[in-house]
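Peer 1: Here's a structure for you.
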Amino acid sequence: MWALLLVALGTLALGLVAHRLLAPAGNPFAQPPPGPPPAAGDGAAHPRQGPEAGVQRPPGATELDAVVIGSGMGGLAVAGTLAKVGKRVLVLEQHDQAGGCCHTFQERGSEFDVGIHYVGQMHEGSMLRVALDQLTDGQLCWQRLPDPYDEICLGPRRYQLRAGKAAFAAALEEQFPAEKAAIKEFMRLSKVASRHVALLAVLKLVPRWLATLLVRTGLVYWISPVFRMAATSHSEAVARLTADRDLRALLSYLFYGTAPRDSSFLVNVLMVHHYQRGAWYPRGGASEVAFHAVPLIERAGGAVLVRAPVTRILVSPAGTAVGVVVQRGPSEEEVEIFAPVVISDAGIFNTFGKLLPPQLRSHPGVRSRLAMVRHGMGSFLVFVGLRGSAAELALPATNFWIYPHNDLDAMMTRYAALSRDDVPENLAMMFITFPAAKDPTYEQRHPGRSCMTILTMARYEWFEEWAGTRAKHRGPDYQRYKLAIAQRLLERALQRFPHLRDKVEFMEAASPLTNQHYLAAPRGEMYGTEHDVGRFSPAVVAAMRAETPVKNLYLTGQDVFSCGLAGALHGGLLCASTILGRLLYLDLLLLKKKIKRRGAGPAGGVSGQGHWPRGWPCAGERAPNSINPDVPLAWARLLWGWDGRAW
């Protein structure tokens with residue numbers, strides 16, 4: 001009986017796959033991108049297409065194919081993919097520059113990234129690299145970080161990680177010679193996870209009834225071990241691997257606000273695996289991602305507009321999403337924009353809890369989806385401007401993860417339970433990175449300057465007293481509290497790097513309220529919904545898909561798949577696959593094989609220089625007219641009445 005059921009399900013699944021493969025929508029990933037930008041030193045600036053340089057101006061608002069709320073990686077990925085099959089897409093961003101966590105800001109001559117500190121799997125021919133090259137026309141260049149790419153401090157003990165299939169395991173074995181069997185088994189599980197993780201995407205793409213059947217019957221666990229890995233506590237899994245507490249901590253070190261015992265073994269394994277082939281940083285800074293993604297959207301007749309906050313989603317009497325309402329300029333006049341498809345990169349809590357009309361927020365499907373997830377933990381960042389270049393200050397490109405001891409579960413439990421007043425004197429983990437040391441173009445753009453970024457996790461409740469106040473006007477008590485935390489984090493960093501003590505020029509700090517303001521994160525979370533083990537149970541994986549209970553409304557980004565740039569991009573690909581009725585991952589796989597047969601990717605790799613040309617909106621400027629001057633004029637006229645002349 002079971003055999004017949006499996007055969008029937010297999011036949012049905014193959015039929016569904018064939019249907020998607022034969023869908024009328026075209027293949028957006030048919031050909032490799034044209035190639036990399038000119039190498040650094042060529043004297044050539046980034047090409048920038050404006051409305052008079054080949055960008056087709058969009059027609060009226062009613063002729064859009066889709067509107068996207070938010071321009072984070074998930075929003076740009078789905079918009080770019082749809083644009084590659086000729087769809088006119090309008091992306092609306094509430095901040096003053098595009099990119100979400102990929103944006104940067106400038107302060108007193110230094111430039112800081114806010115979310116992209118390093119990315120794995122950017123080697124030539126990797127699936128992630130192929131996808132990002134497609135979405136940036138191959139113009140985005142990556143700088144590989146030297147080894148060790150990460151150093152983990154557990155109290156006084158330091159461990160280093162090195163890149164490479166063999167080198168990664170060898171480095172662990174050198175530091176834990178008695179744990180070779182455990183390391184070998186972890187590497188085996190890592191390989192299984194990486195090869196089978198695509199099945200999580202499949203579970204989100206098959207019809208909901210089929211996914212429900214697979215989950216409720218338990219057949220999903222027979223299909224692949226990846227689903228049991230996803231539903232297993234990370235602490236439990238590593239405890240079965242080894243009794244060495246330092247090694248357990250090392251296999252759990254990539255921290256995103258969830259204690260190892262509450263997190264999914266699969267997610268943590270994939271995060272460690274993500275960097276096994278190396279770590280990369282975008283040349284020119286994290287803002288290069290959006291800079292090279294926007295022209296692709298514009299060429300299809302779409303646009304990416306900043307300072308365009310969406311206040312609500314328009315829904316027809318029949319319950320179908322038909323557009324959005326956007327605030328227009330300082331007057332806060334509202335403009336309705338209609339489109340047959342509405343895509344939200346604003347996160348599930350914003351989309352379902354704020355943007356939908358009140359009557360739809362109580363829809364059983366909406367309430368059920370919201371009940372499955374929780375808000376993630378917030379973050380606290382310290383941005384430190386340094387006098388002197390990265391070379392002059394001997395800044396390392398290595399990233400540093402610093403923990404007080406090797407019991408990360410106990411650390412997180414104690415830290416999360418702190419009262420607000422106890423936080424500054426009891427800070428737990430922290431992450432230290434030097435963007436100027438990772439980007440070889442930094443010195444060109446900011447001569448004689450460099451920077452350090454420090455990050456820790458922070459509960460929204462510690463700052464909730466000042467919620468609702470205006471950014472930069474939250475009052476002296478907020479400033480004192482924020483500065484107390486920032487100064488203690490900086491002091492700890494200077495204990496690790498004492499030669500920088502007299503090189504600190506200034507310091508800025510960002511709390512969960514900062515993320516709430518600039519990223520529209522409901523409770524200051526950087527990684528979307530909580531990445532606990534419950535979220536990655538098969539039932540929740542199947543439910544947290546791009547398709548929503550509201551017809552023609554879709555979700556994209558981190559909440560659809562997982563956290564980080566890669567997770568958000570996969571969220572975008574899943575969303576585009578759902579809308580187009582096409583298995584885009586198969587298209588990417590075929591393109592990957594085509595590139596491999598040709599013997600190279602889009603040539604570039606790490607060549608090319610990156611900088612923002614004059615006029616591109618920069619968060620550091622905060623000017624009231626800081627919109628992208630290169631968007632098609634029709635949309636600028638619609639939202640701001642701008643006729644192309646100087647403000």
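Here, A, B, ... name the chains of the structure tokens in the order displayed, residue numbers run from 1 inside each chain, and ligands are numbered from 1 in the same displayed order.
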Applying 8 Å and only C-alpha atoms, which residues near stretch 359-371 of chain A remain after dropping the ones on its own chain fewer than 2 positions away? List them as a list of chain:residue names.
Peer 2: A:Ile348, A:Phe349, A:Phe352, A:Gly353, A:Leu356, A:Pro357, A:Val373, A:Arg374, A:Ala543, A:Met544, A:Thr548, A:Pro549
Peer 1: Only all heavy atoms, please: the residues just picked out, written as a CSV table (one decimal), in the first residue's frame.
Peer 2:
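Wrote again.csv, looks like this:
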```csv
chain,number,residue,atom,x,y,z
A,348,ILE,N,6.6,39.4,7.3
A,348,ILE,CA,5.3,38.8,7.5
A,348,ILE,C,4.5,39.7,8.6
A,348,ILE,O,3.3,39.9,8.4
A,348,ILE,CB,5.3,37.4,7.9
A,348,ILE,CG1,3.9,36.8,8.0
A,348,ILE,CG2,6.0,37.2,9.3
A,348,ILE,CD1,3.9,35.3,8.1
A,349,PHE,N,5.2,40.2,9.6
A,349,PHE,CA,4.5,40.9,10.6
A,349,PHE,C,4.0,42.3,10.1
A,349,PHE,O,2.8,42.7,10.4
A,349,PHE,CB,5.3,41.1,11.9
A,349,PHE,CG,5.6,39.9,12.6
A,349,PHE,CD1,6.8,39.2,12.7
A,349,PHE,CD2,4.5,39.3,13.4
A,349,PHE,CE1,7.0,38.0,13.4
A,349,PHE,CE2,4.7,38.1,14.1
A,349,PHE,CZ,5.9,37.5,14.1
A,352,PHE,N,1.1,41.3,7.2
A,352,PHE,CA,-0.2,40.9,7.7
A,352,PHE,C,-0.7,41.7,8.8
A,352,PHE,O,-2.0,41.8,9.0
A,352,PHE,CB,0.0,39.4,8.1
A,352,PHE,CG,0.1,38.4,7.0
A,352,PHE,CD1,0.4,37.1,7.3
A,352,PHE,CD2,0.0,38.8,5.7
A,352,PHE,CE1,0.6,36.1,6.3
A,352,PHE,CE2,0.1,37.8,4.7
A,352,PHE,CZ,0.4,36.5,5.0
A,353,GLY,N,0.1,42.3,9.6
A,353,GLY,CA,-0.3,43.0,10.8
A,353,GLY,C,-0.6,44.5,10.7
A,353,GLY,O,-1.3,45.1,11.5
A,356,LEU,N,-2.2,45.1,5.6
A,356,LEU,CA,-3.5,44.5,5.1
A,356,LEU,C,-4.7,45.3,5.7
A,356,LEU,O,-4.5,45.8,6.9
A,356,LEU,CB,-3.7,43.1,5.5
A,356,LEU,CG,-3.0,42.0,4.6
A,356,LEU,CD1,-3.3,40.6,5.1
A,356,LEU,CD2,-3.4,42.1,3.2
A,357,PRO,N,-5.8,45.4,5.1
A,357,PRO,CA,-7.0,46.1,5.7
A,357,PRO,C,-7.4,45.3,6.9
A,357,PRO,O,-7.2,44.1,7.0
A,357,PRO,CB,-8.0,46.0,4.6
A,357,PRO,CG,-7.3,45.8,3.3
A,357,PRO,CD,-6.0,45.0,3.7
A,373,VAL,N,5.0,31.9,13.9
A,373,VAL,CA,6.3,32.5,14.0
A,373,VAL,C,6.3,33.6,15.1
A,373,VAL,O,5.2,34.1,15.6
A,373,VAL,CB,6.7,33.2,12.7
A,373,VAL,CG1,7.0,32.1,11.7
A,373,VAL,CG2,5.7,34.1,12.1
A,374,ARG,N,7.5,34.0,15.5
A,374,ARG,CA,7.7,35.1,16.5
A,374,ARG,C,8.7,36.1,16.0
A,374,ARG,O,9.4,35.8,15.1
A,374,ARG,CB,8.2,34.5,17.8
A,374,ARG,CG,7.3,33.4,18.5
A,374,ARG,CD,7.9,33.0,19.8
A,374,ARG,NE,9.2,32.4,19.6
A,374,ARG,CZ,10.1,32.1,20.6
A,374,ARG,NH1,9.8,32.5,21.8
A,374,ARG,NH2,11.2,31.5,20.3
A,543,ALA,N,4.2,26.0,5.3
A,543,ALA,CA,3.2,27.1,5.4
A,543,ALA,C,3.9,28.4,5.1
A,543,ALA,O,3.2,29.3,4.5
A,543,ALA,CB,2.6,27.1,6.8
A,544,MET,N,5.2,28.6,5.5
A,544,MET,CA,5.8,29.9,5.2
A,544,MET,C,6.3,30.0,3.8
A,544,MET,O,7.5,29.9,3.5
A,544,MET,CB,7.0,30.1,6.3
A,544,MET,CG,6.5,30.2,7.7
A,544,MET,SD,5.6,31.7,8.0
A,544,MET,CE,7.0,32.9,8.0
A,548,THR,N,0.2,33.7,-0.3
A,548,THR,CA,-0.4,34.1,0.9
A,548,THR,C,-1.9,33.7,0.8
A,548,THR,O,-2.4,33.5,-0.3
A,548,THR,CB,-0.3,35.6,1.2
A,548,THR,OG1,-1.1,36.3,0.4
A,548,THR,CG2,1.2,36.0,1.1
A,549,PRO,N,-2.7,33.8,1.9
A,549,PRO,CA,-4.1,33.6,1.8
A,549,PRO,C,-4.9,34.7,1.0
A,549,PRO,O,-6.1,34.5,0.7
A,549,PRO,CB,-4.6,33.6,3.3
A,549,PRO,CG,-3.3,33.3,4.1
A,549,PRO,CD,-2.2,33.9,3.3
```
Peer 1: Can you tell me how far atom CA of A:Gly524 sits from atom CA of A:Leu455, in Å to one decimal?
Peer 2: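 Going from atom CA of A:Gly524 over to atom CA of A:Leu455 covers 13.5 Å.
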Peer 1: Given only C-alpha atoms as the basis, pick out the residue of A:Glu124, A:Asp150, A:Asp113, A:Glu93 nearest to A:Tyr275.
Peer 2: A:Asp150
Peer 1: Could you name the residues that touch A:Leu251 at 8 Å or less, counting only C-alpha atoms, but leaving out those on the same chain fewer than 4 positions away, as an MDAnalysis selection string?
Peer 2: chainID A and resid 238 247 268:269 272
Peer 1: Using all heavy atoms, can you export the residues from the last selection as a compact mmCIF listing (two decimals), in the first residue's frame?
Peer 2:
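Now in part_33.txt:
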```txt
# COMPACT_ATOMS: atom_id res chain seq x y z
N VAL A 238 24.67 18.48 18.45
CA VAL A 238 26.12 18.54 18.64
C VAL A 238 26.54 17.82 19.91
O VAL A 238 27.67 17.32 20.01
CB VAL A 238 26.64 20.00 18.66
CG1 VAL A 238 26.41 20.65 17.30
CG2 VAL A 238 26.01 20.82 19.76
N LEU A 247 34.42 22.59 21.21
CA LEU A 247 34.04 22.21 19.85
C LEU A 247 32.54 22.40 19.64
O LEU A 247 32.10 22.85 18.58
CB LEU A 247 34.44 20.77 19.56
CG LEU A 247 34.13 20.26 18.14
CD1 LEU A 247 34.78 21.16 17.09
CD2 LEU A 247 34.59 18.81 17.97
N ASN A 268 22.03 25.90 11.49
CA ASN A 268 23.39 26.15 11.94
C ASN A 268 24.42 25.40 11.11
O ASN A 268 25.50 25.93 10.81
CB ASN A 268 23.52 25.76 13.42
CG ASN A 268 22.88 26.78 14.33
OD1 ASN A 268 22.82 27.96 14.02
ND2 ASN A 268 22.35 26.33 15.45
N VAL A 269 24.11 24.16 10.72
CA VAL A 269 25.02 23.40 9.86
C VAL A 269 25.20 24.11 8.53
O VAL A 269 26.31 24.24 8.01
CB VAL A 269 24.49 21.97 9.65
CG1 VAL A 269 25.22 21.28 8.50
CG2 VAL A 269 24.67 21.15 10.92
N VAL A 272 27.49 27.22 8.87
CA VAL A 272 28.91 26.87 8.92
C VAL A 272 29.37 26.42 7.53
O VAL A 272 30.44 26.82 7.05
CB VAL A 272 29.16 25.78 9.97
CG1 VAL A 272 30.61 25.31 9.92
CG2 VAL A 272 28.84 26.30 11.37
```
Peer 1: Could you pull the residues within 8 Å of stretch 425-438 of chain A, counting only C-alpha atoms, minus those fewer than 2 positions along the same chain, as a ChimeraX atom specification?
Peer 2: /A:112-113,117,143,145,281,285,389-391,395-404,411-412,415,422-423,440,442-443,450-457,488-489,493
Peer 1: Please identify all polymer residues within 9 Å of A:Glu547, counting only C-alpha atoms, omitting same-chain residues fewer than 4 positions from it, and present them as number ranges by chain.
Peer 2: A: 204-205, 551-555, 575, 578-579
Peer 1: May I have the residues from that selection written out with N, CA, C and O atoms, as a CSV table (one decimal), in the first residue's frame?
Peer 2:
```csv
chain,number,residue,atom,x,y,z
A,204,LYS,N,7.9,24.2,-0.3
A,204,LYS,CA,7.3,25.5,-0.4
A,204,LYS,C,6.6,25.8,-1.7
A,204,LYS,O,5.8,26.7,-1.9
A,205,LEU,N,7.0,25.0,-2.7
A,205,LEU,CA,6.6,25.3,-4.1
A,205,LEU,C,5.5,24.3,-4.5
A,205,LEU,O,4.6,24.7,-5.4
A,551,LYS,N,-5.4,36.5,-2.4
A,551,LYS,CA,-5.1,36.3,-3.8
A,551,LYS,C,-4.2,37.5,-4.4
A,551,LYS,O,-4.5,38.6,-4.1
A,552,ASN,N,-3.2,37.1,-5.1
A,552,ASN,CA,-2.3,38.0,-5.8
A,552,ASN,C,-1.4,38.8,-4.9
A,552,ASN,O,-0.8,39.8,-5.3
A,553,LEU,N,-1.3,38.4,-3.6
A,553,LEU,CA,-0.4,39.0,-2.7
A,553,LEU,C,0.6,37.9,-2.3
A,553,LEU,O,0.3,36.8,-2.0
A,554,TYR,N,1.9,38.3,-2.5
A,554,TYR,CA,3.0,37.4,-2.2
A,554,TYR,C,4.0,37.9,-1.3
A,554,TYR,O,4.2,39.2,-1.2
A,555,LEU,N,4.7,37.0,-0.6
A,555,LEU,CA,5.8,37.4,0.3
A,555,LEU,C,7.2,37.1,-0.3
A,555,LEU,O,7.3,36.1,-1.1
A,575,CYS,N,9.7,33.3,-4.5
A,575,CYS,CA,8.5,34.1,-4.8
A,575,CYS,C,8.4,34.2,-6.3
A,575,CYS,O,7.2,34.1,-6.8
A,578,THR,N,7.0,31.1,-7.8
A,578,THR,CA,5.5,30.9,-7.6
A,578,THR,C,4.7,31.8,-8.5
A,578,THR,O,3.7,31.4,-9.1
A,579,ILE,N,5.2,33.0,-8.7
A,579,ILE,CA,4.4,34.0,-9.6
A,579,ILE,C,4.5,33.5,-11.0
A,579,ILE,O,3.5,33.5,-11.8
```
Peer 1: Enumerate, in order of chain and increasing residue number, the residues of stretch 259-297 of chain A with an atom no farther than 10 Å from stretch 527-539 of chain A, each with its shortest atom pair and distance in Å to one decimal, counting only C-alpha atoms, as JSON lines.
Peer 2:
```
{"residue": "A:Ala259", "atom": "CA", "partner": "A:Asp532", "partner_atom": "CA", "distance": 8.4}
{"residue": "A:Pro260", "atom": "CA", "partner": "A:Asp532", "partner_atom": "CA", "distance": 8.9}
{"residue": "A:Arg261", "atom": "CA", "partner": "A:Val533", "partner_atom": "CA", "distance": 8.5}
{"residue": "A:Asp262", "atom": "CA", "partner": "A:Asp532", "partner_atom": "CA", "distance": 5.4}
{"residue": "A:Ser263", "atom": "CA", "partner": "A:Asp532", "partner_atom": "CA", "distance": 4.4}
{"residue": "A:Ser264", "atom": "CA", "partner": "A:Val533", "partner_atom": "CA", "distance": 4.3}
{"residue": "A:Phe265", "atom": "CA", "partner": "A:Val533", "partner_atom": "CA", "distance": 7.9}
{"residue": "A:Leu266", "atom": "CA", "partner": "A:Phe536", "partner_atom": "CA", "distance": 8.5}
{"residue": "A:Val267", "atom": "CA", "partner": "A:His531", "partner_atom": "CA", "distance": 8.3}
```
Peer 1: Of the residues A:Glu333, A:Asp439, A:Asp133, A:Asp246, which is the one nearest to A:His292, using only C-alpha atoms?
Peer 2: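 Answer, going by the shortest atom-to-atom distance: A:Asp133.
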Peer 1: Please identify all polymer residues within 9 Å of stretch 175-180 of chain A, counting only C-alpha atoms, omitting same-chain residues fewer than 5 positions from it, and present them as a VMD selection string.
Peer 2: chain A and resid 159 to 160 169 to 170 185 242 244 247
Peer 1: Emit the selected residues as a PDB file, in the first residue's frame, including N, CA, C and O atoms.
Peer 2:
```pdb
ATOM      1  N   TYR A 159      40.242  30.257  18.500  1.00  0.00           N
ATOM      2  CA  TYR A 159      40.239  29.252  17.438  1.00  0.00           C
ATOM      3  C   TYR A 159      40.051  29.953  16.100  1.00  0.00           C
ATOM      4  O   TYR A 159      39.356  30.975  16.010  1.00  0.00           O
ATOM      5  N   GLN A 160      40.654  29.394  15.063  1.00  0.00           N
ATOM      6  CA  GLN A 160      40.601  30.021  13.750  1.00  0.00           C
ATOM      7  C   GLN A 160      40.045  29.052  12.717  1.00  0.00           C
ATOM      8  O   GLN A 160      40.289  27.839  12.785  1.00  0.00           O
ATOM      9  N   ALA A 169      38.185  21.325   7.442  1.00  0.00           N
ATOM     10  CA  ALA A 169      38.211  20.205   8.383  1.00  0.00           C
ATOM     11  C   ALA A 169      39.594  20.028   8.988  1.00  0.00           C
ATOM     12  O   ALA A 169      39.727  19.738  10.189  1.00  0.00           O
ATOM     13  N   ALA A 170      40.648  20.213   8.179  1.00  0.00           N
ATOM     14  CA  ALA A 170      42.013  20.051   8.679  1.00  0.00           C
ATOM     15  C   ALA A 170      42.320  21.055   9.780  1.00  0.00           C
ATOM     16  O   ALA A 170      42.969  20.719  10.785  1.00  0.00           O
ATOM     17  N   GLU A 185      32.204  13.397  11.163  1.00  0.00           N
ATOM     18  CA  GLU A 185      30.760  13.195  11.110  1.00  0.00           C
ATOM     19  C   GLU A 185      30.032  14.519  10.867  1.00  0.00           C
ATOM     20  O   GLU A 185      29.050  14.569  10.105  1.00  0.00           O
ATOM     21  N   THR A 242      29.859  15.242  20.096  1.00  0.00           N
ATOM     22  CA  THR A 242      31.081  15.424  20.877  1.00  0.00           C
ATOM     23  C   THR A 242      30.753  15.878  22.298  1.00  0.00           C
ATOM     24  O   THR A 242      29.750  16.544  22.533  1.00  0.00           O
ATOM     25  N   ASP A 244      33.228  17.568  23.849  1.00  0.00           N
ATOM     26  CA  ASP A 244      34.122  18.724  23.986  1.00  0.00           C
ATOM     27  C   ASP A 244      33.300  20.009  23.889  1.00  0.00           C
ATOM     28  O   ASP A 244      32.735  20.323  22.835  1.00  0.00           O
ATOM     29  N   LEU A 247      34.421  22.590  21.208  1.00  0.00           N
ATOM     30  CA  LEU A 247      34.040  22.210  19.846  1.00  0.00           C
ATOM     31  C   LEU A 247      32.535  22.403  19.641  1.00  0.00           C
ATOM     32  O   LEU A 247      32.103  22.849  18.576  1.00  0.00           O
TER      33      LEU A 247
END
```
Peer 1: Taking into account only C-alpha atoms, which residue in the set A:Lys592, A:Pro476, A:Gln106, A:Met271 is nearest to A:Gly567?
Peer 2: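 The shortest atom-to-atom distance to A:Gly567 comes from A:Met271.
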Peer 1: Would you work out the distance separating atom CA of A:Val67 from atom CA of A:Pro32, expressed in Å to one decimal?
Peer 2: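 We find that atom CA of A:Val67 and atom CA of A:Pro32 lie 26.5 Å from each other.
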Peer 1: Please, what distance in Å, to one decimal, runs between atom CA of A:Arg158 and atom CA of A:Pro498?
Peer 2: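 Taking atom CA of A:Arg158 and atom CA of A:Pro498, their separation equals 17.1 Å.
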Peer 1: I'd like the contact shell of A:Cys102 - 9 Å cut-off, only C-alpha atoms, skipping same-chain residues fewer than 2 positions apart - returned as a list in words.
Peer 2: Gly72, Met73, Ala98, Gly99, Gly100, Thr104, Asp113, Val114, Gly115, Ile116, Gly285, Ala286, Ser287, Glu288, Val289, Ala290 and Leu565 of chain A
Peer 1: Taking only C-alpha atoms into account, name the residue in A:Val85, A:Ala576, A:Ile152, A:Ala163 that is nearest to A:His405.
Peer 2: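 Checking each candidate against A:His405, we get A:Ile152 as the closest.
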Peer 1: Given only C-alpha atoms as the basis, pick out the residue of A:Gly599, A:Gly581, A:Pro309, A:Gly329 nearest to A:His517.
Peer 2: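 Distance minimum relative to A:His517 lands on A:Pro309.
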